[in-house]
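All remarks here apply to the structure that follows.
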Amino acid sequence: MRPSLHGSGAELVSLPVTELAPAKINLALHVTGQRPDGYHLIESIVTFADIGDHLTFSPADEDRLSLSGPFAPAITGGSDNLVARARDGLRRLLQARGVEAPAVAIHLQKNLPVASGIGGGSADAAATLRGLLRLWSAGGVGTDEIEALALSIGADVPMCMAGRPLIASGIGEKLSPLTGMPRFAMVLANPLRGISTPEVFSRLASRQNPGLVLNDPCDWMLNLAAARNDLQGPAGELVPEIGALCNLLQSQGAVLTRMSGSGATCFGVFDSRRSADHAASMLQAERPEWYFASTETIAGS
Ligand SMILES: C[C@@](CO)(OP(=O)(O)O)[C@H](O)COP(=O)(O)OP(=O)(O)OC[C@H]1O[C@@H](n2ccc(N)nc2=O)[C@H](O)[C@@H]1O
Ligand SMILES: Nc1ncnc2c1ncn2[C@@H]1O[C@H](COP(=O)(O)OP(=O)(O)O)[C@@H](O)[C@H]1O
């Protein structure tokens with residue numbers, strides 16, 4: 001079936017507008033300080049998976065947000081959903097500039113575990129901003145204002161808007177693209193116990209830790225092996241399965257394992273997509289109650 005077209009004048013949009021909200025992976029996360037408002041200063045190497053949540057956007061008589069997918073039961077479609085917050089924030093911004101932002105039906109297929117350190121909610125918010133800017137033909141609205149809106153929704157939303165390998169600093173909003181970043185074959189592993197980001201930050205033993213050092217621009221595995229996730233210790237106190245997950249990934253041949261974000265998702269890097277696929281299915285058979293997903297991260301360009 002041919003997609004329908006929507007819009008006025010030169011900007012025609014294929015309907016429904018669709019967006020992937022890819023899982024965000026903090027390959028390393030150093031906590032280097034704290035701002036007076038309590039937010040922590042970080043230096044993080046970030047990349048994105050080829051799997052994630054799926055969103056669709058269509059014109060409607062009234063705003064609707066519907067949910068499906070394995071992790072939909074863990075969230076609601078109410079005004080606290082980060083998708084609704086992104087929709088409402090963008091509409092306010094556009095209307096203040098005289099741009100129309102009519103009612104929209106959004107469907108979120110929630111494939112990523114919730115509160116799991118791979119930015120599912122932030123990725124959904126970023127995908128909503130991208131999708132609605134297309135649906136509402138508002139691509140010309142100031143980048144600075146959109147970036148400020150993204151940051152007001154969450155510290156991770158600007159990096160999810162960028163959607164490419166990068167180093168994030170500040171509280172996560174200062175972004176430097178990493179053009180040389182290769183793809184990594186990975187398994188993502190989560191014990192399906194949600195974890196609170198503020199609680200993990202609050203348990204840090206030290207808030208002033210050494211920053212990232214990238215010694216060898218050609219050997220990413222060497223750089224990553226020398227880096228850390230400073231949140232892994234405090235998260236492991238809350239969810240002891242994190243240690244077990246890394247051991248399981250290693251037992252299947254992962255050459256590097258680490259937690260992403262504030263957890264509890266851990267990733268294992270494998271030497272090929274084939275070995276990652278094999279490891280994910282072995283681990284799922286061993287621990288059917290946990291989440292395992294094989295993925296390949298995107299390359300920097
Ligand atoms: C830890 C990270 C690493 O990428 O990822 P996740 O574990 O959430 O995926 C992020 O910094 C999380 O970003 P995000 O989840 O958007 O954070 P926000 O909603 O803005 O903040 C939630 C709470 O986390 C703490 N927070 C967050 C970011 C930061 N740089 N310092 C903090 O101290 C604050 O207590 C804040 O109130
Ligand atoms: N669309 C959404 N997807 C996931 N979580 C959401 C969403 N909207 C709101 N939330 C809330 O945001 C919090 C953080 O979720 P998420 O972004 O998945 O985790 P993390 O920040 O650890 O990567 C959760 O407590 C969840 O209830």
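Ordering of the structure tokens sets the chain letters (A, B, ...), residue numbers begin anew at 1 in every chain, and ligands are numbered from 1 in the order given.
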Range 91-108 of chain A surroundings by only C-alpha atoms, 7 Å radius, close-in-sequence under 4 positions cut, as a list in words: His54, Leu55, Thr56, Phe57, Ser58, Pro59, Ala60, Asp61, Glu62, Asp63, Arg64, Leu65, Ser66, Leu67, Ser68, Arg87 and Trp136 of chain A
Can those selected residues be exported to a file as a short mmCIF file (atom, residue, chain, number, x, y, z; two decimals), in the first residue's frame so that it contains N, CA and C atoms?
data_model
loop_
_atom_site.label_atom_id
_atom_site.label_comp_id
_atom_site.auth_asym_id
_atom_site.auth_seq_id
_atom_site.Cartn_x
_atom_site.Cartn_y
_atom_site.Cartn_z
N HIS A 54 10.03 1.54 18.76
CA HIS A 54 9.53 2.05 17.48
C HIS A 54 8.37 3.00 17.73
N LEU A 55 8.37 4.15 17.05
CA LEU A 55 7.28 5.12 17.23
C LEU A 55 6.67 5.47 15.88
N THR A 56 5.34 5.67 15.89
CA THR A 56 4.67 6.19 14.68
C THR A 56 3.83 7.40 15.07
N PHE A 57 3.70 8.32 14.15
CA PHE A 57 3.02 9.61 14.38
C PHE A 57 2.05 9.84 13.22
N SER A 58 0.76 10.07 13.54
CA SER A 58 -0.24 10.36 12.49
C SER A 58 -1.15 11.50 12.94
N PRO A 59 -1.63 12.31 12.01
CA PRO A 59 -2.60 13.36 12.38
C PRO A 59 -3.85 12.71 12.98
N ALA A 60 -4.52 13.39 13.93
CA ALA A 60 -5.68 12.81 14.61
C ALA A 60 -6.61 13.94 15.05
N ASP A 61 -7.83 13.54 15.52
CA ASP A 61 -8.78 14.54 16.01
C ASP A 61 -8.38 15.07 17.38
N GLU A 62 -7.75 14.18 18.17
CA GLU A 62 -7.27 14.60 19.49
C GLU A 62 -5.98 13.84 19.79
N ASP A 63 -5.17 14.37 20.72
CA ASP A 63 -3.92 13.71 21.06
C ASP A 63 -4.19 12.33 21.65
N ARG A 64 -3.44 11.34 21.17
CA ARG A 64 -3.51 9.99 21.74
C ARG A 64 -2.11 9.45 21.84
N LEU A 65 -1.86 8.63 22.89
CA LEU A 65 -0.59 7.91 23.01
C LEU A 65 -0.93 6.48 23.37
N SER A 66 -0.69 5.56 22.41
CA SER A 66 -0.97 4.15 22.67
C SER A 66 0.34 3.39 22.76
N LEU A 67 0.30 2.27 23.46
CA LEU A 67 1.51 1.51 23.75
C LEU A 67 1.34 0.05 23.36
N SER A 68 2.42 -0.58 22.92
CA SER A 68 2.43 -2.03 22.73
C SER A 68 3.86 -2.49 22.99
N ARG A 87 6.12 15.80 23.30
CA ARG A 87 5.05 16.34 22.43
C ARG A 87 4.55 17.69 22.96
N TRP A 136 4.95 17.98 11.68
CA TRP A 136 4.44 19.36 11.73
C TRP A 136 5.23 20.29 10.80
#
All strand (DSSP E) positions in range 67-265 of chain A, as number ranges by chain: A: 67-68, 104-109, 166-169, 174-177, 185-190, 256-259
Every residue of range 51-215 of chain A that DSSP places in helix (DSSP H, G or I), as a PyMOL selection string: chain A and resi 72-74+82-96+120-135+143-153+157-162+197-202
Contacts with ligand 1 at most 7 Å, only C-alpha atoms and all ligand atoms counted, listed as a ChimeraX atom specification: /A:26,38-42,116-119,122,153-157,171-172,197-198,201,260-263
Within-9 Å residues of ligand 2, basis only C-alpha atoms and all ligand atoms, as JSON, numbers by chain: {"A": [23, 24, 53, 71, 72, 74, 75, 76, 77, 78, 79, 80, 81, 82, 83, 84, 85, 108, 110, 112, 113, 114, 115, 116, 117, 118, 119, 120, 121, 122, 123, 124, 125, 154, 156, 194, 195, 196, 197, 260, 261, 262, 263, 264, 265]}
Export N, CA and C atoms of the chosen residues as a short mmCIF file (atom, residue, chain, number, x, y, z; two decimals), in the first residue's frame?
data_model
loop_
_atom_site.label_atom_id
_atom_site.label_comp_id
_atom_site.auth_asym_id
_atom_site.auth_seq_id
_atom_site.Cartn_x
_atom_site.Cartn_y
_atom_site.Cartn_z
N ALA A 23 18.56 2.09 21.36
CA ALA A 23 19.16 1.99 22.70
C ALA A 23 20.47 2.77 22.71
N LYS A 24 20.64 3.56 23.76
CA LYS A 24 21.90 4.31 23.97
C LYS A 24 22.82 3.47 24.84
N ASP A 53 13.13 1.08 20.56
CA ASP A 53 11.69 1.23 20.51
C ASP A 53 11.29 1.77 19.13
N PHE A 71 7.63 -4.39 26.87
CA PHE A 71 7.83 -3.61 28.09
C PHE A 71 6.79 -2.50 28.27
N ALA A 72 5.72 -2.51 27.46
CA ALA A 72 4.65 -1.51 27.61
C ALA A 72 4.01 -1.58 29.00
N ALA A 74 5.23 -1.78 31.77
CA ALA A 74 6.04 -1.12 32.81
C ALA A 74 5.85 0.40 32.82
N ILE A 75 5.15 0.96 31.83
CA ILE A 75 4.95 2.42 31.78
C ILE A 75 3.48 2.72 31.48
N THR A 76 3.08 3.99 31.63
CA THR A 76 1.71 4.37 31.27
C THR A 76 1.77 5.33 30.07
N GLY A 77 0.63 5.50 29.44
CA GLY A 77 0.56 6.44 28.31
C GLY A 77 0.09 7.81 28.74
N GLY A 78 0.24 8.13 30.02
CA GLY A 78 -0.24 9.42 30.57
C GLY A 78 0.73 10.55 30.30
N SER A 79 0.43 11.70 30.96
CA SER A 79 1.20 12.91 30.66
C SER A 79 2.62 12.85 31.24
N ASP A 80 2.92 11.84 32.10
CA ASP A 80 4.28 11.71 32.63
C ASP A 80 5.18 10.90 31.70
N ASN A 81 4.59 10.27 30.69
CA ASN A 81 5.43 9.55 29.74
C ASN A 81 6.32 10.56 29.02
N LEU A 82 7.59 10.21 28.85
CA LEU A 82 8.53 11.17 28.25
C LEU A 82 8.14 11.51 26.80
N VAL A 83 7.39 10.62 26.16
CA VAL A 83 6.88 10.92 24.81
C VAL A 83 5.86 12.07 24.89
N ALA A 84 4.96 11.99 25.87
CA ALA A 84 3.95 13.05 26.04
C ALA A 84 4.63 14.35 26.44
N ARG A 85 5.65 14.25 27.29
CA ARG A 85 6.35 15.48 27.71
C ARG A 85 7.04 16.14 26.52
N LEU A 108 3.69 3.94 20.54
CA LEU A 108 5.03 3.57 21.02
C LEU A 108 5.08 2.06 21.21
N LYS A 110 7.17 -0.53 22.80
CA LYS A 110 8.20 -0.47 23.85
C LYS A 110 8.97 -1.79 23.87
N LEU A 112 12.40 -1.91 24.66
CA LEU A 112 13.56 -1.84 25.56
C LEU A 112 13.11 -1.89 27.01
N PRO A 113 13.85 -2.62 27.87
CA PRO A 113 13.50 -2.60 29.29
C PRO A 113 13.55 -1.19 29.86
N VAL A 114 12.69 -0.93 30.84
CA VAL A 114 12.51 0.43 31.40
C VAL A 114 13.44 0.63 32.61
N ALA A 115 13.91 1.88 32.77
CA ALA A 115 14.82 2.25 33.87
C ALA A 115 16.02 1.32 33.90
N SER A 116 16.68 1.22 32.73
CA SER A 116 17.70 0.18 32.57
C SER A 116 19.05 0.69 32.11
N GLY A 117 19.25 2.03 32.05
CA GLY A 117 20.58 2.56 31.71
C GLY A 117 20.88 2.61 30.23
N ILE A 118 19.88 2.27 29.39
CA ILE A 118 20.10 2.38 27.94
C ILE A 118 19.16 3.44 27.34
N GLY A 119 18.71 4.33 28.24
CA GLY A 119 18.05 5.55 27.79
C GLY A 119 16.74 5.38 27.06
N GLY A 120 16.03 4.29 27.31
CA GLY A 120 14.79 4.04 26.56
C GLY A 120 13.86 5.25 26.54
N GLY A 121 13.58 5.81 27.71
CA GLY A 121 12.66 6.94 27.79
C GLY A 121 13.24 8.17 27.09
N SER A 122 14.54 8.39 27.27
CA SER A 122 15.19 9.54 26.62
C SER A 122 15.20 9.35 25.11
N ALA A 123 15.46 8.11 24.66
CA ALA A 123 15.46 7.82 23.22
C ALA A 123 14.06 8.04 22.65
N ASP A 124 13.03 7.66 23.41
CA ASP A 124 11.64 7.88 22.96
C ASP A 124 11.35 9.38 22.84
N ALA A 125 11.80 10.16 23.84
CA ALA A 125 11.57 11.61 23.81
C ALA A 125 12.26 12.23 22.60
N GLY A 154 15.41 15.77 29.84
CA GLY A 154 16.33 14.86 30.54
C GLY A 154 17.74 15.05 30.03
N ASP A 156 19.91 13.05 29.17
CA ASP A 156 20.29 12.12 28.10
C ASP A 156 19.62 12.44 26.77
N GLY A 194 14.41 -2.77 37.53
CA GLY A 194 14.60 -1.35 37.25
C GLY A 194 15.48 -0.73 38.33
N ILE A 195 16.17 0.33 37.98
CA ILE A 195 17.09 0.95 38.94
C ILE A 195 16.94 2.46 38.83
N SER A 196 16.95 3.16 39.96
CA SER A 196 16.71 4.60 39.96
C SER A 196 18.02 5.36 39.73
N THR A 197 18.05 6.17 38.67
CA THR A 197 19.27 6.93 38.34
C THR A 197 19.71 7.84 39.50
N SER A 260 26.09 -0.13 31.36
CA SER A 260 25.76 1.12 30.64
C SER A 260 25.01 2.07 31.57
N GLY A 261 25.30 3.36 31.50
CA GLY A 261 24.58 4.38 32.25
C GLY A 261 24.54 4.07 33.73
N SER A 262 23.34 4.25 34.32
CA SER A 262 23.19 3.95 35.75
C SER A 262 22.67 2.53 35.97
N GLY A 263 22.71 1.72 34.89
CA GLY A 263 22.36 0.31 34.99
C GLY A 263 20.86 0.07 34.96
N ALA A 264 20.51 -1.19 35.08
CA ALA A 264 21.39 -2.31 35.32
C ALA A 264 21.83 -3.04 34.05
N THR A 265 21.51 -2.51 32.85
CA THR A 265 21.94 -3.21 31.63
C THR A 265 23.46 -3.23 31.53
#
